[in-house]
Amino acid sequence: MGEGINRSKGTRNSPTVLNAAYYTTQFWDGRRSSLEGQAQDPITNSIEHGLKNHDTMIAIIRKDGTYVAQFKAVFGVEAGKISLEHFTKAVASYERTLIAGDSPFDRYQYGGDNSALAPEAVRGLELFRGKAKCSLCHIIGLTSAIFTNNDFHNLGVGFDKIEPRLYEIVNAFLSAVASGPSVDDAVLKGADISQLGRAAVTMKPTGLADTKDVGRFKTSTLRNIALTAPYMHDGSLPTLEAVIDLYNKGNEKNPMLDKLFRPLGLNDQEKSDLVVFMKALTSPIIPQ
């Protein structure tokens with residue numbers, strides 16, 4: 001979990017920012033449609049930066065000579081004209097530079113280097129596309145791959161924590177948002193609310209009957225996945241082996257489990273080959 005002010009921690013496992021420029025939505029629940037939108041939320045989130053409003057941040061920037069000079073050089077604005085829009089554009093523009101590719105998989109798949117993948121990884125790639133059905137969501141294209149369909153699915157992870165009290169949690173969420181806190185703040189402060197997933201974004205004021213998104217979370221990229229443990233939206237799975245075991249058993253059963261998921265019947269060698277393949281998605285150079 002990411003650490004915020006006063007060493008506080010939220011309820012969500014921080015997604016990687018690498019290659020985020022290619023995502024159609026941001027955050028596990030897709031509540032922002034752009035990097036610019038994403039950039040503004042942590043500032044006023046009580047778990048993360050904890051400022052009361054964005055005006056406080058802009059006032060700090062306007063008083064800092066280094067920032068003032070930089071914003072003028074980039075945007076051509078004087079101190080008094082620096083705005084939230086300028087801030088979010090600056091952060092989003094930086095995030096768009098955090099691109100990491102050229103993995104052994106890329107050299108094998110798109111570069112024609114048959115020696116780039118070990119035999120185990122090649123077998124893992126075949127499983128990934130076939131028996132393991134990974135590529136249904138973690139898409140591999142003809143000319144490029146970001147390993148996500150940018151869609152949302154219910155895997156059942158953490159659902160057992162909220163299922164017995166689902167209507168109570170939905171009502172608590174609707175009341176909380178109606179009284180002022182943003183969805184962004186509500187999901188990072190409330191462990192139960194966090195498990196609502198995409199529903200926290202799409203749910204209508206009348207509640208659960210209006211949405212099928214409860215427990216659905218965004219398909220994460222698998223690029224550099226070996227570097228970003230733990231896994232899942234709640235960080236509940238510590239290793240890639242644990243993730244594969246979850247999928248192999250058909251995920252965690254619940255009434256809203258995505259119909260894609262069925263037991264896979266992978267043996268130990270096949271599971272090992274999948275792990276080797278996913279480790280071959282690691283880029284040799286990671287932006288710092």
# chains A, B, ... in the order shown; residues from 1 in each chain; ligands from 1

call {"tool": "select_by_dssp", "arguments": {"residues": "region 60-265 of chain A", "states": "alpha helix (DSSP H)", "output": "short mmCIF file (atom, residue, chain, number, x, y, z; two decimals) with N, CA, C and O atoms, in the first residue's frame"}}
result
data_model
loop_
_atom_site.label_atom_id
_atom_site.label_comp_id
_atom_site.auth_asym_id
_atom_site.auth_seq_id
_atom_site.Cartn_x
_atom_site.Cartn_y
_atom_site.Cartn_z
N ILE A 60 1.04 27.73 -2.47
CA ILE A 60 2.41 27.31 -2.15
C ILE A 60 3.30 27.42 -3.38
O ILE A 60 4.43 27.93 -3.32
N ILE A 61 2.78 26.98 -4.52
CA ILE A 61 3.55 27.04 -5.77
C ILE A 61 3.85 28.48 -6.15
O ILE A 61 4.98 28.82 -6.55
N ARG A 62 2.86 29.36 -6.02
CA ARG A 62 3.03 30.76 -6.41
C ARG A 62 4.06 31.50 -5.56
O ARG A 62 4.60 32.53 -5.99
N GLY A 65 9.93 30.53 -5.70
CA GLY A 65 10.60 31.14 -6.85
C GLY A 65 10.99 30.16 -7.93
O GLY A 65 10.88 30.46 -9.12
N THR A 66 11.44 28.97 -7.52
CA THR A 66 11.83 27.96 -8.51
C THR A 66 10.63 27.51 -9.32
O THR A 66 10.69 27.42 -10.55
N TYR A 67 9.54 27.21 -8.62
CA TYR A 67 8.31 26.81 -9.33
C TYR A 67 7.82 27.92 -10.26
O TYR A 67 7.42 27.68 -11.40
N VAL A 68 7.82 29.14 -9.76
CA VAL A 68 7.33 30.27 -10.56
C VAL A 68 8.12 30.38 -11.86
O VAL A 68 7.55 30.55 -12.95
N ALA A 69 9.43 30.26 -11.77
CA ALA A 69 10.27 30.35 -12.96
C ALA A 69 10.00 29.20 -13.92
O ALA A 69 9.94 29.38 -15.14
N GLN A 70 9.81 28.01 -13.37
CA GLN A 70 9.57 26.84 -14.22
C GLN A 70 8.21 26.93 -14.92
O GLN A 70 8.08 26.61 -16.11
N PHE A 71 7.19 27.35 -14.19
CA PHE A 71 5.86 27.46 -14.80
C PHE A 71 5.84 28.56 -15.87
O PHE A 71 5.17 28.42 -16.90
N LYS A 72 6.60 29.62 -15.62
CA LYS A 72 6.65 30.67 -16.64
C LYS A 72 7.37 30.18 -17.89
O LYS A 72 6.95 30.47 -19.02
N ALA A 73 8.45 29.42 -17.70
CA ALA A 73 9.20 28.91 -18.85
C ALA A 73 8.37 27.95 -19.69
O ALA A 73 8.45 27.94 -20.92
N VAL A 74 7.55 27.15 -19.04
CA VAL A 74 6.77 26.14 -19.75
C VAL A 74 5.45 26.68 -20.28
O VAL A 74 5.08 26.45 -21.43
N PHE A 75 4.73 27.42 -19.43
CA PHE A 75 3.38 27.85 -19.79
C PHE A 75 3.27 29.34 -20.13
O PHE A 75 2.22 29.79 -20.60
N LEU A 84 -4.58 25.30 -11.23
CA LEU A 84 -4.64 23.86 -11.07
C LEU A 84 -4.45 23.16 -12.42
O LEU A 84 -3.81 22.11 -12.51
N GLU A 85 -4.97 23.75 -13.46
CA GLU A 85 -4.83 23.17 -14.80
C GLU A 85 -3.36 23.09 -15.20
O GLU A 85 -2.91 22.09 -15.76
N HIS A 86 -2.60 24.13 -14.89
CA HIS A 86 -1.17 24.10 -15.19
C HIS A 86 -0.48 22.98 -14.41
O HIS A 86 0.38 22.27 -14.93
N PHE A 87 -0.83 22.86 -13.14
CA PHE A 87 -0.24 21.83 -12.29
C PHE A 87 -0.52 20.43 -12.83
O PHE A 87 0.38 19.60 -12.98
N THR A 88 -1.79 20.15 -13.15
CA THR A 88 -2.13 18.81 -13.61
C THR A 88 -1.51 18.50 -14.96
O THR A 88 -1.10 17.36 -15.23
N LYS A 89 -1.40 19.51 -15.83
CA LYS A 89 -0.74 19.29 -17.12
C LYS A 89 0.74 18.95 -16.92
O LYS A 89 1.29 18.09 -17.62
N ALA A 90 1.37 19.62 -15.97
CA ALA A 90 2.79 19.37 -15.72
C ALA A 90 3.01 17.95 -15.20
O ALA A 90 3.90 17.22 -15.68
N VAL A 91 2.20 17.53 -14.22
CA VAL A 91 2.35 16.19 -13.66
C VAL A 91 2.04 15.12 -14.71
O VAL A 91 2.79 14.15 -14.88
N ALA A 92 0.94 15.31 -15.44
CA ALA A 92 0.55 14.33 -16.45
C ALA A 92 1.58 14.23 -17.56
O ALA A 92 1.87 13.13 -18.07
N SER A 93 2.16 15.35 -17.94
CA SER A 93 3.18 15.34 -18.99
C SER A 93 4.41 14.56 -18.54
O SER A 93 5.01 13.81 -19.33
N TYR A 94 4.77 14.72 -17.28
CA TYR A 94 5.88 13.93 -16.75
C TYR A 94 5.54 12.44 -16.75
O TYR A 94 6.34 11.60 -17.19
N GLU A 95 4.34 12.11 -16.30
CA GLU A 95 3.95 10.70 -16.22
C GLU A 95 3.96 10.04 -17.61
O GLU A 95 4.24 8.84 -17.72
N PRO A 104 12.40 -8.89 -22.75
CA PRO A 104 12.70 -10.08 -23.54
C PRO A 104 11.51 -10.52 -24.41
O PRO A 104 11.70 -10.96 -25.54
N PHE A 105 10.30 -10.39 -23.86
CA PHE A 105 9.11 -10.70 -24.65
C PHE A 105 9.03 -9.84 -25.90
O PHE A 105 8.72 -10.34 -26.99
N ASP A 106 9.27 -8.55 -25.77
CA ASP A 106 9.19 -7.65 -26.92
C ASP A 106 10.22 -8.02 -27.98
O ASP A 106 9.92 -8.01 -29.19
N ARG A 107 11.41 -8.36 -27.53
CA ARG A 107 12.45 -8.70 -28.49
C ARG A 107 12.11 -10.01 -29.21
O ARG A 107 12.42 -10.20 -30.39
N TYR A 108 11.45 -10.92 -28.49
CA TYR A 108 11.03 -12.19 -29.08
C TYR A 108 9.82 -11.99 -29.99
O TYR A 108 9.82 -12.45 -31.15
N GLN A 109 8.80 -11.32 -29.49
CA GLN A 109 7.53 -11.21 -30.20
C GLN A 109 7.58 -10.23 -31.37
O GLN A 109 7.08 -10.52 -32.45
N PRO A 119 13.27 -21.38 -23.04
CA PRO A 119 12.24 -22.37 -23.42
C PRO A 119 11.05 -22.37 -22.47
O PRO A 119 9.90 -22.51 -22.90
N GLU A 120 11.33 -22.20 -21.16
CA GLU A 120 10.23 -22.17 -20.20
C GLU A 120 9.30 -20.99 -20.46
O GLU A 120 8.07 -21.10 -20.34
N ALA A 121 9.89 -19.82 -20.80
CA ALA A 121 9.10 -18.63 -21.08
C ALA A 121 8.27 -18.79 -22.35
O ALA A 121 7.14 -18.31 -22.43
N VAL A 122 8.84 -19.45 -23.35
CA VAL A 122 8.10 -19.72 -24.59
C VAL A 122 6.90 -20.60 -24.29
O VAL A 122 5.78 -20.35 -24.78
N ARG A 123 7.11 -21.62 -23.48
CA ARG A 123 5.97 -22.48 -23.08
C ARG A 123 4.95 -21.66 -22.30
O ARG A 123 3.73 -21.82 -22.48
N GLY A 124 5.45 -20.76 -21.44
CA GLY A 124 4.55 -19.91 -20.68
C GLY A 124 3.73 -19.00 -21.57
O GLY A 124 2.54 -18.78 -21.33
N LEU A 125 4.35 -18.47 -22.63
CA LEU A 125 3.63 -17.63 -23.58
C LEU A 125 2.53 -18.43 -24.28
O LEU A 125 1.41 -17.93 -24.47
N GLU A 126 2.82 -19.66 -24.65
CA GLU A 126 1.81 -20.50 -25.28
C GLU A 126 0.64 -20.76 -24.33
O GLU A 126 -0.53 -20.73 -24.74
N LEU A 127 0.94 -21.00 -23.06
CA LEU A 127 -0.11 -21.18 -22.06
C LEU A 127 -0.90 -19.90 -21.87
O LEU A 127 -2.14 -19.92 -21.73
N PHE A 128 -0.19 -18.79 -21.84
CA PHE A 128 -0.80 -17.47 -21.65
C PHE A 128 -1.87 -17.22 -22.71
O PHE A 128 -2.94 -16.69 -22.43
N ARG A 129 -1.54 -17.61 -23.94
CA ARG A 129 -2.46 -17.39 -25.06
C ARG A 129 -3.50 -18.51 -25.18
O ARG A 129 -4.53 -18.32 -25.84
N LEU A 166 -23.47 -6.32 2.24
CA LEU A 166 -23.34 -5.53 1.02
C LEU A 166 -24.29 -4.34 0.99
O LEU A 166 -23.87 -3.21 0.70
N TYR A 167 -25.55 -4.56 1.29
CA TYR A 167 -26.51 -3.46 1.24
C TYR A 167 -26.18 -2.40 2.29
O TYR A 167 -26.30 -1.20 2.04
N GLU A 168 -25.75 -2.84 3.45
CA GLU A 168 -25.35 -1.90 4.50
C GLU A 168 -24.15 -1.04 4.05
O GLU A 168 -24.13 0.17 4.26
N ILE A 169 -23.19 -1.68 3.40
CA ILE A 169 -21.99 -0.96 2.93
C ILE A 169 -22.34 0.01 1.81
O ILE A 169 -21.85 1.14 1.77
N VAL A 170 -23.21 -0.42 0.90
CA VAL A 170 -23.65 0.46 -0.19
C VAL A 170 -24.34 1.69 0.38
O VAL A 170 -24.06 2.82 -0.03
N ASN A 171 -25.22 1.49 1.33
CA ASN A 171 -25.93 2.62 1.93
C ASN A 171 -24.98 3.55 2.67
O ASN A 171 -25.12 4.78 2.62
N ALA A 172 -23.98 2.98 3.34
CA ALA A 172 -22.99 3.79 4.04
C ALA A 172 -22.18 4.62 3.05
O ALA A 172 -21.87 5.79 3.29
N PHE A 173 -21.84 4.01 1.92
CA PHE A 173 -21.09 4.72 0.89
C PHE A 173 -21.91 5.87 0.31
O PHE A 173 -21.42 6.99 0.18
N LEU A 174 -23.15 5.61 -0.03
CA LEU A 174 -24.00 6.65 -0.60
C LEU A 174 -24.19 7.80 0.37
O LEU A 174 -24.18 8.97 -0.01
N SER A 175 -24.33 7.48 1.65
CA SER A 175 -24.48 8.52 2.66
C SER A 175 -23.20 9.33 2.81
O SER A 175 -23.23 10.56 2.94
N ALA A 176 -22.06 8.64 2.78
CA ALA A 176 -20.78 9.33 2.93
C ALA A 176 -20.54 10.30 1.80
O ALA A 176 -20.15 11.45 2.01
N VAL A 177 -20.77 9.86 0.57
CA VAL A 177 -20.53 10.72 -0.59
C VAL A 177 -21.52 11.88 -0.62
O VAL A 177 -21.16 13.01 -0.98
N ALA A 178 -22.75 11.61 -0.22
CA ALA A 178 -23.76 12.66 -0.21
C ALA A 178 -23.43 13.76 0.78
O ALA A 178 -23.80 14.93 0.58
N VAL A 183 -15.45 10.45 -3.88
CA VAL A 183 -15.27 9.02 -4.05
C VAL A 183 -13.83 8.65 -3.78
O VAL A 183 -13.53 7.64 -3.13
N ASP A 184 -12.91 9.48 -4.24
CA ASP A 184 -11.48 9.25 -4.05
C ASP A 184 -11.15 9.10 -2.57
O ASP A 184 -10.43 8.19 -2.16
N ASP A 185 -11.68 9.99 -1.74
CA ASP A 185 -11.41 9.95 -0.31
C ASP A 185 -12.12 8.76 0.34
O ASP A 185 -11.56 8.09 1.21
N ALA A 186 -13.35 8.51 -0.08
CA ALA A 186 -14.14 7.44 0.54
C ALA A 186 -13.50 6.08 0.36
O ALA A 186 -13.45 5.27 1.29
N VAL A 187 -12.97 5.79 -0.84
CA VAL A 187 -12.44 4.45 -1.08
C VAL A 187 -11.10 4.23 -0.39
O VAL A 187 -10.76 3.09 -0.05
N LEU A 188 -10.31 5.28 -0.19
CA LEU A 188 -9.03 5.10 0.47
C LEU A 188 -9.14 5.08 1.99
O LEU A 188 -8.26 4.57 2.67
N LYS A 189 -10.24 5.58 2.52
CA LYS A 189 -10.42 5.61 3.97
C LYS A 189 -11.26 4.43 4.47
O LYS A 189 -11.11 4.01 5.61
N ALA A 191 -12.23 0.58 4.22
CA ALA A 191 -11.83 -0.73 3.67
C ALA A 191 -13.01 -1.43 3.01
O ALA A 191 -12.86 -2.05 1.95
N ASP A 192 -14.19 -1.34 3.63
CA ASP A 192 -15.37 -1.98 3.04
C ASP A 192 -15.77 -1.29 1.75
O ASP A 192 -16.06 -1.94 0.73
N ILE A 193 -15.79 0.03 1.77
CA ILE A 193 -16.18 0.80 0.58
C ILE A 193 -15.21 0.54 -0.56
O ILE A 193 -15.60 0.44 -1.73
N SER A 194 -13.94 0.39 -0.23
CA SER A 194 -12.93 0.12 -1.25
C SER A 194 -13.25 -1.14 -2.04
O SER A 194 -12.99 -1.21 -3.24
N ALA A 199 -18.18 -0.05 -8.85
CA ALA A 199 -19.51 0.40 -8.44
C ALA A 199 -19.46 1.74 -7.71
O ALA A 199 -20.41 2.52 -7.77
N ALA A 200 -18.34 2.02 -7.04
CA ALA A 200 -18.21 3.31 -6.35
C ALA A 200 -18.20 4.47 -7.32
O ALA A 200 -18.45 5.61 -6.94
N VAL A 201 -17.93 4.18 -8.59
CA VAL A 201 -17.90 5.22 -9.63
C VAL A 201 -19.24 5.28 -10.37
O VAL A 201 -19.75 6.36 -10.66
N THR A 202 -19.80 4.12 -10.67
CA THR A 202 -20.98 4.07 -11.54
C THR A 202 -22.30 3.98 -10.80
O THR A 202 -23.36 4.15 -11.40
N LEU A 240 3.66 -13.85 -7.57
CA LEU A 240 3.05 -14.24 -8.84
C LEU A 240 2.52 -15.67 -8.75
O LEU A 240 1.49 -16.00 -9.36
N GLU A 241 3.19 -16.50 -8.00
CA GLU A 241 2.72 -17.88 -7.81
C GLU A 241 1.33 -17.90 -7.17
O GLU A 241 0.46 -18.68 -7.57
N ALA A 242 1.12 -17.01 -6.19
CA ALA A 242 -0.19 -16.94 -5.53
C ALA A 242 -1.26 -16.44 -6.48
O ALA A 242 -2.41 -16.90 -6.44
N VAL A 243 -0.89 -15.52 -7.36
CA VAL A 243 -1.85 -15.01 -8.35
C VAL A 243 -2.27 -16.13 -9.30
O VAL A 243 -3.46 -16.30 -9.59
N ILE A 244 -1.31 -16.90 -9.79
CA ILE A 244 -1.62 -18.00 -10.71
C ILE A 244 -2.46 -19.07 -10.02
O ILE A 244 -3.40 -19.63 -10.61
N ASP A 245 -2.19 -19.34 -8.76
CA ASP A 245 -3.01 -20.30 -8.02
C ASP A 245 -4.46 -19.82 -7.93
O ASP A 245 -5.40 -20.63 -8.03
N LEU A 246 -4.65 -18.52 -7.74
CA LEU A 246 -6.00 -17.97 -7.69
C LEU A 246 -6.74 -18.22 -9.00
O LEU A 246 -7.87 -18.73 -9.00
N TYR A 247 -6.12 -17.86 -10.12
CA TYR A 247 -6.76 -18.06 -11.41
C TYR A 247 -6.94 -19.55 -11.72
O TYR A 247 -7.94 -19.95 -12.34
N ASN A 248 -6.00 -20.36 -11.31
CA ASN A 248 -6.06 -21.79 -11.61
C ASN A 248 -7.29 -22.45 -10.97
O ASN A 248 -7.88 -23.37 -11.55
#

call {"tool": "closest_residue", "arguments": {"among": "A:Glu163, A:Asp258, A:Glu36, A:Asp29", "to": "Arg96 (chain A)", "atoms": "only C-alpha atoms"}}
result
A:Glu36

call {"tool": "closest_residue", "arguments": {"among": "A:Ala59, A:Ala21, A:Ile285, A:Ile5", "to": "Ile47 (chain A)", "atoms": "only C-alpha atoms"}}
result
A:Ile5

call {"tool": "closest_residue", "arguments": {"among": "A:Met203, A:Ala229, A:Leu274, A:Ala20", "to": "Asn150 (chain A)", "atoms": "only C-alpha atoms"}}
result
A:Ala20

call {"tool": "atom_distance", "arguments": {"atom1": "CA of Trp28 (chain A)", "atom2": "CA of His153 (chain A)"}}
result
10.6 Å

call {"tool": "closest_residue", "arguments": {"among": "A:Asn267, A:Leu155, A:Ser103, A:Pro164", "to": "Leu117 (chain A)", "atoms": "only C-alpha atoms"}}
result
A:Ser103
